[in-house]
file input.csv (CSV, C-alpha atoms)
chain,number,residue,atom,x,y,z
A,1,MET,CA,-51.9,52.8,-39.6
A,2,GLY,CA,-48.9,54.9,-40.4
A,3,ILE,CA,-47.1,53.9,-37.2
A,4,ARG,CA,-44.5,51.3,-37.7
A,5,LYS,CA,-43.1,49.3,-34.9
A,6,ARG,CA,-39.3,49.6,-34.6
A,7,ARG,CA,-37.7,46.1,-34.7
A,8,ASP,CA,-35.8,45.4,-31.6
A,9,THR,CA,-32.2,44.8,-32.8
A,10,THR,CA,-30.6,44.0,-29.4
A,11,ILE,CA,-29.6,40.3,-29.0
A,12,PRO,CA,-30.9,38.9,-25.7
A,13,GLU,CA,-28.1,37.8,-23.4
A,14,ILE,CA,-28.2,34.2,-22.2
A,15,ASN,CA,-27.0,33.7,-18.7
A,16,ILE,CA,-24.5,30.9,-19.0
A,17,THR,CA,-23.3,31.0,-15.4
A,18,ALA,CA,-25.6,28.2,-14.3
A,19,LEU,CA,-24.6,26.1,-17.2
A,20,LEU,CA,-20.9,26.8,-16.4
A,21,ASP,CA,-21.5,25.8,-12.7
A,22,MET,CA,-22.9,22.5,-13.8
A,23,PHE,CA,-20.0,21.8,-16.2
A,24,VAL,CA,-17.4,22.7,-13.5
A,25,MET,CA,-19.0,20.2,-11.1
A,26,LEU,CA,-19.1,17.5,-13.8
A,27,LEU,CA,-15.5,18.3,-14.6
A,28,ILE,CA,-14.4,17.9,-11.0
A,29,PHE,CA,-16.4,14.6,-10.7
A,30,LEU,CA,-14.8,13.2,-13.9
A,31,LEU,CA,-11.3,14.3,-12.8
A,32,ILE,CA,-11.7,12.5,-9.5
A,33,ASN,CA,-12.9,9.3,-11.2
A,34,PHE,CA,-10.1,9.7,-13.8
A,35,SER,CA,-7.4,9.7,-11.2
A,36,ALA,CA,-8.9,6.7,-9.4
A,37,ALA,CA,-9.3,4.7,-12.6
A,38,THR,CA,-5.8,5.4,-13.9
A,39,SER,CA,-4.0,4.5,-10.6
A,40,HIS,CA,-3.6,0.9,-11.9
A,41,SER,CA,-3.8,-0.2,-15.5
A,42,ILE,CA,-6.1,-3.1,-16.4
A,43,LYS,CA,-5.9,-3.7,-20.1
A,44,THR,CA,-8.6,-6.1,-21.0
A,45,SER,CA,-9.2,-8.3,-24.0
A,46,GLY,CA,-12.4,-7.8,-25.9
A,47,TYR,CA,-13.1,-11.6,-25.8
A,48,MET,CA,-13.6,-12.1,-22.1
A,49,ASP,CA,-16.0,-11.7,-19.2
A,50,PHE,CA,-14.6,-11.2,-15.8
A,51,PRO,CA,-16.0,-13.1,-12.8
A,52,LEU,CA,-17.5,-11.0,-10.0
A,53,SER,CA,-16.0,-10.8,-6.5
A,54,SER,CA,-16.6,-9.2,-3.2
A,55,SER,CA,-12.9,-8.7,-2.6
A,56,ASN,CA,-11.6,-5.2,-1.7
A,57,LYS,CA,-8.0,-5.4,-2.8
A,58,THR,CA,-7.1,-3.1,-5.6
A,59,PRO,CA,-5.1,-4.4,-8.6
A,60,VAL,CA,-1.3,-4.0,-8.8
A,61,ASP,CA,1.0,-3.4,-11.7
A,62,MET,CA,2.8,-6.8,-12.3
A,63,LEU,CA,3.4,-9.2,-15.1
A,64,THR,CA,-0.1,-9.8,-16.5
A,65,VAL,CA,-1.3,-13.0,-18.1
A,66,THR,CA,-4.6,-12.7,-19.8
A,67,VAL,CA,-6.7,-15.8,-20.8
A,68,ASP,CA,-9.6,-14.8,-22.9
A,69,ARG,CA,-12.0,-17.2,-24.8
A,70,TYR,CA,-9.4,-17.8,-27.6
A,71,ASN,CA,-5.9,-16.7,-26.5
A,72,ILE,CA,-3.3,-16.7,-23.8
A,73,ILE,CA,-1.8,-13.2,-23.8
A,74,VAL,CA,1.3,-12.1,-21.8
A,75,ASP,CA,1.8,-8.4,-21.4
A,76,GLY,CA,-0.4,-7.6,-24.4
A,77,ARG,CA,1.2,-10.1,-26.8
A,78,VAL,CA,-0.6,-13.3,-27.9
A,79,VAL,CA,1.4,-16.3,-26.9
A,80,LEU,CA,-0.9,-19.1,-28.1
A,81,LYS,CA,-4.4,-19.8,-29.1
A,82,HIS,CA,-6.6,-22.4,-27.3
A,83,ASP,CA,-9.9,-24.0,-28.0
A,84,LYS,CA,-12.4,-23.1,-25.2
A,85,GLY,CA,-10.0,-23.8,-22.4
A,86,VAL,CA,-8.2,-26.7,-24.1
A,87,VAL,CA,-4.6,-26.3,-25.1
A,88,LYS,CA,-3.4,-28.2,-28.2
A,89,LYS,CA,-1.3,-31.2,-27.4
A,90,MET,CA,1.6,-29.9,-29.5
A,91,ASP,CA,1.8,-26.9,-27.1
A,92,LEU,CA,2.1,-29.1,-24.0
A,93,ASP,CA,5.1,-31.0,-22.6
A,94,GLU,CA,5.1,-34.8,-22.1
A,95,THR,CA,3.5,-34.5,-18.6
A,96,GLY,CA,0.5,-32.6,-20.1
A,97,PHE,CA,0.8,-29.9,-17.4
A,98,MET,CA,3.3,-27.4,-18.8
A,99,ILE,CA,2.4,-25.1,-21.7
A,100,GLU,CA,5.7,-24.7,-23.5
A,101,PRO,CA,5.1,-21.4,-25.4
A,102,LEU,CA,4.0,-19.8,-22.2
A,103,TYR,CA,7.0,-21.2,-20.3
A,104,ASN,CA,9.3,-19.7,-22.9
A,105,VAL,CA,7.8,-16.3,-22.7
A,106,LEU,CA,7.6,-16.3,-18.9
A,107,SER,CA,11.3,-17.5,-18.7
A,108,LYS,CA,12.3,-14.5,-20.9
A,109,HIS,CA,10.4,-12.1,-18.6
A,110,ALA,CA,12.0,-13.6,-15.5
A,111,GLU,CA,15.5,-13.3,-17.0
A,112,LYS,CA,14.8,-9.8,-18.1
A,113,THR,CA,13.7,-8.9,-14.6
A,114,LYS,CA,16.7,-10.5,-13.0
A,115,TYR,CA,19.0,-8.7,-15.4
A,116,ILE,CA,17.4,-5.3,-14.6
A,117,SER,CA,17.4,-6.0,-10.9
A,118,SER,CA,21.2,-6.7,-11.0
A,119,PHE,CA,21.6,-3.0,-11.8
A,120,ASN,CA,18.6,-1.7,-9.9
A,121,LYS,CA,18.3,-3.2,-6.5
A,122,LYS,CA,14.9,-1.6,-6.0
A,123,LEU,CA,13.4,-3.7,-8.8
A,124,LYS,CA,13.1,-7.2,-7.4
A,125,SER,CA,11.1,-10.0,-9.0
A,126,GLU,CA,8.5,-10.9,-6.4
A,127,GLY,CA,7.3,-14.0,-8.4
A,128,ILE,CA,3.8,-12.6,-8.8
A,129,ILE,CA,1.5,-12.9,-11.8
A,130,VAL,CA,-1.7,-10.9,-12.3
A,131,LEU,CA,-4.0,-13.4,-14.0
A,132,GLN,CA,-7.0,-12.1,-15.9
A,133,MET,CA,-9.2,-15.0,-16.9
A,134,ASP,CA,-12.5,-15.4,-18.6
A,135,LYS,CA,-15.1,-16.6,-16.1
A,136,ASP,CA,-15.9,-19.8,-18.1
A,137,ILE,CA,-12.3,-21.1,-18.4
A,138,PRO,CA,-12.1,-24.5,-16.7
A,139,PHE,CA,-9.8,-25.2,-13.9
A,140,SER,CA,-7.8,-27.7,-16.0
A,141,MET,CA,-6.4,-24.8,-17.9
A,142,LEU,CA,-5.8,-22.7,-14.8
A,143,ARG,CA,-3.9,-25.6,-13.4
A,144,GLN,CA,-1.7,-25.8,-16.5
A,145,ILE,CA,-1.0,-22.0,-16.4
A,146,MET,CA,-0.2,-22.1,-12.7
A,147,TYR,CA,2.0,-25.1,-13.1
A,148,THR,CA,3.9,-23.5,-16.0
A,149,ALA,CA,4.3,-20.2,-14.0
A,150,GLY,CA,5.5,-22.2,-11.0
A,151,GLN,CA,8.3,-23.6,-13.1
A,152,VAL,CA,9.6,-20.1,-13.7
A,153,GLU,CA,9.3,-19.2,-10.0
A,154,TYR,CA,6.1,-17.3,-10.4
A,155,ASN,CA,4.4,-18.8,-7.3
A,156,ASP,CA,1.8,-16.2,-6.3
A,157,PHE,CA,-1.2,-15.2,-8.3
A,158,LYS,CA,-3.5,-12.3,-8.2
A,159,PHE,CA,-6.8,-13.1,-9.9
A,160,VAL,CA,-8.6,-10.1,-11.4
A,161,ALA,CA,-12.3,-9.8,-11.0
A,162,LEU,CA,-15.0,-7.2,-11.3
A,163,LYS,CA,-16.2,-5.7,-8.0
A,164,LYS,CA,-19.7,-6.9,-7.0
B,1,MET,CA,-13.8,58.5,-8.7
B,2,ALA,CA,-17.4,57.2,-8.5
B,3,SER,CA,-17.5,56.6,-12.2
B,4,GLY,CA,-14.2,54.6,-12.1
B,5,LYS,CA,-15.8,52.2,-9.5
B,6,ARG,CA,-18.9,51.9,-11.6
B,7,LYS,CA,-16.7,50.9,-14.6
B,8,LYS,CA,-14.9,48.3,-12.5
B,9,VAL,CA,-18.2,46.7,-11.4
B,10,ALA,CA,-19.5,46.8,-15.0
B,11,ALA,CA,-16.3,45.1,-16.2
B,12,LEU,CA,-16.7,42.3,-13.6
B,13,ARG,CA,-20.3,41.9,-14.6
B,14,ASN,CA,-19.4,41.4,-18.2
B,15,VAL,CA,-16.6,38.8,-17.8
B,16,ASN,CA,-16.6,36.7,-21.0
B,17,LEU,CA,-17.2,33.2,-19.8
B,18,VAL,CA,-17.6,31.7,-23.3
B,19,PRO,CA,-13.9,30.7,-23.8
B,20,LEU,CA,-14.0,28.9,-20.4
B,21,LEU,CA,-17.2,27.1,-21.4
B,22,ASP,CA,-15.6,26.1,-24.7
B,23,PHE,CA,-12.7,24.7,-22.9
B,24,ILE,CA,-14.8,22.7,-20.5
B,25,VAL,CA,-17.0,21.4,-23.2
B,26,ALA,CA,-13.9,20.1,-25.0
B,27,VAL,CA,-12.4,18.5,-21.9
B,28,ILE,CA,-15.5,16.7,-20.7
B,29,PRO,CA,-15.9,14.3,-23.7
B,30,VAL,CA,-12.1,13.4,-23.4
B,31,LEU,CA,-12.6,12.6,-19.8
B,32,LEU,CA,-15.8,10.7,-20.4
B,33,LEU,CA,-14.0,8.5,-22.9
B,34,SER,CA,-11.1,7.7,-20.7
B,35,VAL,CA,-12.9,7.2,-17.4
B,36,SER,CA,-13.6,3.7,-16.5
B,37,PHE,CA,-16.7,3.1,-14.4
B,38,THR,CA,-16.0,-0.5,-13.8
B,39,GLU,CA,-14.0,-1.3,-10.7
B,40,TYR,CA,-11.5,-4.2,-10.7
B,41,VAL,CA,-10.4,-6.1,-7.7
B,42,ILE,CA,-7.9,-8.9,-7.1
B,43,LEU,CA,-7.9,-12.1,-5.1
B,44,ASP,CA,-4.7,-13.8,-3.9
B,45,ALA,CA,-3.9,-17.4,-4.5
B,46,SER,CA,-0.8,-19.5,-4.2
B,47,LEU,CA,0.6,-22.7,-5.5
B,48,PRO,CA,0.6,-25.5,-2.8
B,49,ALA,CA,4.3,-25.9,-2.2
B,50,PHE,CA,4.9,-22.2,-1.8
B,51,ALA,CA,1.9,-21.2,0.3
B,52,GLU,CA,2.6,-19.7,3.6
B,53,GLU,CA,0.7,-21.4,6.3
B,54,THR,CA,0.5,-18.3,8.4
B,55,SER,CA,0.9,-15.2,6.4
B,56,VAL,CA,-1.8,-13.4,8.4
B,57,VAL,CA,-0.9,-12.9,12.0
B,58,ASP,CA,-0.9,-16.4,13.4
B,59,THR,CA,-0.5,-17.1,17.1
B,60,GLN,CA,-1.5,-20.7,16.9
B,61,ASP,CA,-1.6,-22.6,20.1
B,62,GLN,CA,0.9,-25.4,19.7
B,63,GLU,CA,-1.4,-27.8,21.4
B,64,GLN,CA,-4.2,-27.2,19.0
B,65,LYS,CA,-4.3,-29.5,16.1
B,66,LYS,CA,-3.6,-28.1,12.6
B,67,LEU,CA,-6.9,-28.1,10.8
B,68,GLY,CA,-5.6,-28.3,7.2
B,69,LEU,CA,-9.0,-27.2,5.9
B,70,THR,CA,-9.8,-28.4,2.4
B,71,ILE,CA,-12.7,-27.7,0.1
B,72,ALA,CA,-13.1,-30.0,-2.8
B,73,ILE,CA,-15.3,-28.6,-5.6
B,74,THR,CA,-17.0,-31.6,-7.1
B,75,THR,CA,-19.8,-32.0,-9.6
B,76,ASP,CA,-22.2,-32.9,-6.6
B,77,GLY,CA,-21.2,-29.9,-4.5
B,78,PHE,CA,-18.5,-29.0,-2.0
B,79,VAL,CA,-16.8,-31.5,0.2
B,80,LEU,CA,-15.2,-30.1,3.4
B,81,GLY,CA,-12.4,-31.9,5.0
B,82,GLY,CA,-9.4,-31.5,7.4
B,83,THR,CA,-6.2,-33.4,8.1
B,84,GLY,CA,-6.4,-36.6,10.1
B,85,GLY,CA,-10.2,-37.0,9.6
B,86,LEU,CA,-11.1,-33.7,11.3
B,87,LEU,CA,-14.5,-32.5,10.1
B,88,SER,CA,-15.3,-35.9,8.7
B,89,VAL,CA,-18.8,-37.4,9.0
B,90,ASP,CA,-18.9,-41.2,8.9
B,91,GLY,CA,-15.3,-41.2,7.6
B,92,ALA,CA,-16.0,-38.9,4.7
B,93,GLY,CA,-15.9,-35.2,4.3
B,94,THR,CA,-18.9,-33.0,5.0
B,95,LEU,CA,-20.8,-32.7,1.7
B,96,ILE,CA,-22.6,-29.5,0.8
B,97,LYS,CA,-24.9,-30.5,-2.0
B,98,LYS,CA,-25.8,-28.3,-5.0
B,99,LYS,CA,-29.1,-26.4,-4.7
B,100,ASN,CA,-31.1,-26.4,-7.9
B,101,GLY,CA,-28.1,-27.4,-9.8
B,102,LEU,CA,-26.0,-24.5,-8.4
B,103,TYR,CA,-23.3,-24.4,-5.8
B,104,ASP,CA,-24.6,-23.3,-2.4
B,105,TYR,CA,-22.1,-20.6,-1.5
B,106,GLU,CA,-24.3,-19.3,1.4
B,107,LEU,CA,-24.4,-22.7,3.2
B,108,LEU,CA,-20.6,-23.1,2.5
B,109,SER,CA,-19.9,-19.7,4.1
B,110,THR,CA,-22.1,-20.6,7.1
B,111,LYS,CA,-20.3,-24.0,7.6
B,112,LEU,CA,-17.0,-22.3,7.3
B,113,LEU,CA,-18.0,-19.7,9.9
B,114,GLU,CA,-18.8,-22.5,12.3
B,115,ILE,CA,-15.4,-24.1,11.7
B,116,LYS,CA,-13.7,-20.7,12.1
B,117,LYS,CA,-15.3,-20.4,15.6
B,118,ASN,CA,-13.7,-23.7,16.6
B,119,TYR,CA,-10.4,-22.9,15.0
B,120,PRO,CA,-9.9,-19.1,15.4
B,121,ASN,CA,-6.2,-19.3,14.6
B,122,GLU,CA,-6.5,-21.0,11.3
B,123,TRP,CA,-6.2,-18.7,8.3
B,124,SER,CA,-5.4,-21.0,5.4
B,125,ILE,CA,-7.6,-23.0,3.2
B,126,ILE,CA,-6.9,-25.4,0.3
B,127,ILE,CA,-9.3,-25.3,-2.6
B,128,VAL,CA,-9.3,-28.4,-4.8
B,129,PRO,CA,-11.5,-27.9,-7.8
B,130,ASP,CA,-12.7,-30.4,-10.3
B,131,SER,CA,-11.0,-30.2,-13.7
B,132,ASN,CA,-14.2,-28.8,-15.2
B,133,THR,CA,-14.9,-26.3,-12.5
B,134,ARG,CA,-15.3,-22.9,-14.1
B,135,PHE,CA,-13.0,-20.0,-13.0
B,136,GLU,CA,-16.1,-18.0,-11.8
B,137,GLU,CA,-17.0,-20.9,-9.4
B,138,ILE,CA,-13.5,-20.9,-8.0
B,139,VAL,CA,-13.6,-17.1,-7.4
B,140,GLN,CA,-17.0,-17.4,-5.7
B,141,THR,CA,-15.7,-20.2,-3.5
B,142,MET,CA,-12.7,-18.0,-2.6
B,143,ASP,CA,-15.1,-15.2,-1.7
B,144,ALA,CA,-17.3,-17.5,0.4
B,145,SER,CA,-14.3,-18.7,2.4
B,146,ARG,CA,-12.5,-15.4,2.8
B,147,GLU,CA,-14.9,-13.4,4.9
B,148,ARG,CA,-18.5,-13.4,6.1
B,149,LYS,CA,-20.6,-10.3,6.2
B,150,GLU,CA,-23.6,-10.3,8.5
B,151,ILE,CA,-25.9,-7.7,9.9
B,152,GLY,CA,-25.4,-7.7,13.7
B,153,LYS,CA,-28.0,-7.2,16.4
B,154,ASP,CA,-27.2,-3.5,16.5
B,155,GLY,CA,-28.1,-3.3,12.8
B,156,ASN,CA,-24.5,-2.7,11.7
B,157,MET,CA,-22.7,-4.8,9.1
B,158,LYS,CA,-20.3,-7.2,10.8
B,159,LYS,CA,-17.3,-8.6,8.9
B,160,THR,CA,-15.6,-11.8,10.0
B,161,THR,CA,-12.4,-12.7,8.3
B,162,MET,CA,-12.3,-16.5,8.0
B,163,PHE,CA,-9.7,-18.1,5.7
B,164,PRO,CA,-8.0,-15.4,3.6
B,165,ASN,CA,-4.9,-17.5,2.7
B,166,VAL,CA,-6.0,-19.6,-0.3
B,167,VAL,CA,-4.0,-22.3,-1.8
B,168,LEU,CA,-5.3,-23.9,-5.1
B,169,GLY,CA,-4.7,-27.6,-5.1
B,170,GLY,CA,-4.1,-29.9,-8.0
B,171,GLY,CA,-7.7,-30.7,-8.6
B,172,VAL,CA,-9.9,-33.7,-8.7
B,173,VAL,CA,-8.9,-35.6,-11.9

call {"tool": "encode", "arguments": {"input": "input.csv", "output": "structure tokens"}}
result
Amino acid sequence: MGIRKRRDTTIPEINITALLDMFVMLLIFLLINFSAATSHSIKTSGYMDFPLSSSNKTPVDMLTVTVDRYNIIVDGRVVLKHDKGVVKKMDLDETGFMIEPLYNVLSKHAEKTKYISSFNKKLKSEGIIVLQMDKDIPFSMLRQIMYTAGQVEYNDFKFVALKK
Amino acid sequence: MASGKRKKVAALRNVNLVPLLDFIVAVIPVLLLSVSFTEYVILDASLPAFAEETSVVDTQDQEQKKLGLTIAITTDGFVLGGTGGLLSVDGAGTLIKKKNGLYDYELLSTKLLEIKKNYPNEWSIIIVPDSNTRFEEIVQTMDASRERKEIGKDGNMKKTTMFPNVVLGGGVV
């Protein structure tokens, strides 16, 4: 009756070693994935779905043209808007194949690259465009983009897709 | 002497791991936000006038006819053709009809493999899509013509490179 239990004032120690082990493993896994993911930069638009492909080639850092559901974007800047893969007539030349605002932007890029390569011989324009396109864009628009790029000596294209 | 050793062991046992844990807990969300789990790939295509006929090692026999393999993507399906009426059936290209309203990529790949066996030194293909062909369909056609993966008799996956040099033609207007 008169005996009182003494309260145990010691704080039990939690063994965090196992938790730490798990975190370290997670950290290593994330770091490996991080380095693999940042080896090439793919900046995507929020308004697009990539097609799927079984290709194994990894993306390269080149001049990027993005065609989402509403815009044509060159290196992150909106060049013109389109309506579900149809370019407005006022943006086309008389043949109906060349997209004039796109031609102007690509010409500037080509000139800039030529100017820089006149000082830096290592930087050569290879005439390659990385093309990111929404999977539902019709070929008629792809043809116009390829034709326009071809006029500025961008003759090779690298289509970006999601790996299957 | 002995008590000094005991102190060392006790110190090692009581390493404070909490700051390290704090650091890791802070770093993990940053990495999780920046890591991309989607893998992107690229496919090569060229404009007709600039496409190299033989950018992959080509030791073409001069006597062998140039195939000039062409796939037209039409609303009915794929039409395969070659220069000078090669691959033609009754004067027209080989038609691979759509299956349940969808393009039959499997059959296309099988036909192309047969062609590849007859023309082992051909590496180029011209894809001529219809104006309304969707980009996804073009990419899948390129996939079907680039390589064929089959499980061999030994159970291993066998890859056959068919026509990796793709030229996108002007289109069926």

call {"tool": "interface_residues", "arguments": {"input": "input.csv", "of": "chain A", "to": "chain B", "cutoff": "6 Å", "atoms": "all atoms listed in the file", "output": "count of residues only"}}
result
21

call {"tool": "residues_near_point", "arguments": {"input": "input.csv", "point": "(14.9, -14.5, -15.1)", "cutoff": "12 Å", "atoms": "all atoms listed in the file", "output": "JSON list (two decimals) with C-alpha atoms, in the frame of the given file"}}
result
[["chain", "number", "residue", "atom", "x", "y", "z"],
["A", 103, "TYR", "CA", 7.00, -21.20, -20.30],
["A", 104, "ASN", "CA", 9.30, -19.70, -22.90],
["A", 105, "VAL", "CA", 7.80, -16.30, -22.70],
["A", 106, "LEU", "CA", 7.60, -16.30, -18.90],
["A", 107, "SER", "CA", 11.30, -17.50, -18.70],
["A", 108, "LYS", "CA", 12.30, -14.50, -20.90],
["A", 109, "HIS", "CA", 10.40, -12.10, -18.60],
["A", 110, "ALA", "CA", 12.00, -13.60, -15.50],
["A", 111, "GLU", "CA", 15.50, -13.30, -17.00],
["A", 112, "LYS", "CA", 14.80, -9.80, -18.10],
["A", 113, "THR", "CA", 13.70, -8.90, -14.60],
["A", 114, "LYS", "CA", 16.70, -10.50, -13.00],
["A", 115, "TYR", "CA", 19.00, -8.70, -15.40],
["A", 116, "ILE", "CA", 17.40, -5.30, -14.60],
["A", 117, "SER", "CA", 17.40, -6.00, -10.90],
["A", 118, "SER", "CA", 21.20, -6.70, -11.00],
["A", 124, "LYS", "CA", 13.10, -7.20, -7.40],
["A", 125, "SER", "CA", 11.10, -10.00, -9.00],
["A", 126, "GLU", "CA", 8.50, -10.90, -6.40],
["A", 127, "GLY", "CA", 7.30, -14.00, -8.40],
["A", 151, "GLN", "CA", 8.30, -23.60, -13.10],
["A", 152, "VAL", "CA", 9.60, -20.10, -13.70],
["A", 153, "GLU", "CA", 9.30, -19.20, -10.00],
["A", 154, "TYR", "CA", 6.10, -17.30, -10.40]]

call {"tool": "closest_residue", "arguments": {"input": "input.csv", "among": "A:Ala18, A:Leu102, A:Val87, A:Val130", "to": "Thr66 (chain A)", "atoms": "all atoms listed in the file"}}
result
A:Val130

call {"tool": "atom_distance", "arguments": {"input": "input.csv", "atom1": "CA of Lys116 (chain B)", "atom2": "CA of Arg148 (chain B)"}}
result
10.6 Å

call {"tool": "atom_distance", "arguments": {"input": "input.csv", "atom1": "CA of Tyr70 (chain A)", "atom2": "CA of His82 (chain A)"}}
result
5.4 Å

call {"tool": "atom_distance", "arguments": {"input": "input.csv", "atom1": "CA of Gly77 (chain B)", "atom2": "CA of Gly93 (chain B)"}}
result
11.6 Å

call {"tool": "residues_around", "arguments": {"input": "input.csv", "residues": "Val79 (chain B)", "least_positions_apart": "5", "cutoff": "7 Å", "atoms": "only C-alpha atoms", "output": "CSV table (one decimal) with C-alpha atoms, in the coordinates of the input"}}
result
chain,number,residue,atom,x,y,z
B,71,ILE,CA,-12.7,-27.7,0.1
B,72,ALA,CA,-13.1,-30.0,-2.8
B,73,ILE,CA,-15.3,-28.6,-5.6
B,93,GLY,CA,-15.9,-35.2,4.3
B,94,THR,CA,-18.9,-33.0,5.0
B,95,LEU,CA,-20.8,-32.7,1.7
B,96,ILE,CA,-22.6,-29.5,0.8

call {"tool": "residues_around", "arguments": {"input": "input.csv", "residues": "Val166 (chain B)", "least_positions_apart": "3", "cutoff": "6 Å", "atoms": "all atoms listed in the file", "output": "PDB file with C-alpha atoms, in the frame of the given file"}}
result
ATOM      1  CA  ALA B  45      -3.900 -17.400  -4.500  1.00  0.00           C
ATOM      2  CA  SER B 124      -5.400 -21.000   5.400  1.00  0.00           C
ATOM      3  CA  ILE B 125      -7.600 -23.000   3.200  1.00  0.00           C
ATOM      4  CA  ILE B 126      -6.900 -25.400   0.300  1.00  0.00           C
TER       5      ILE B 126
END
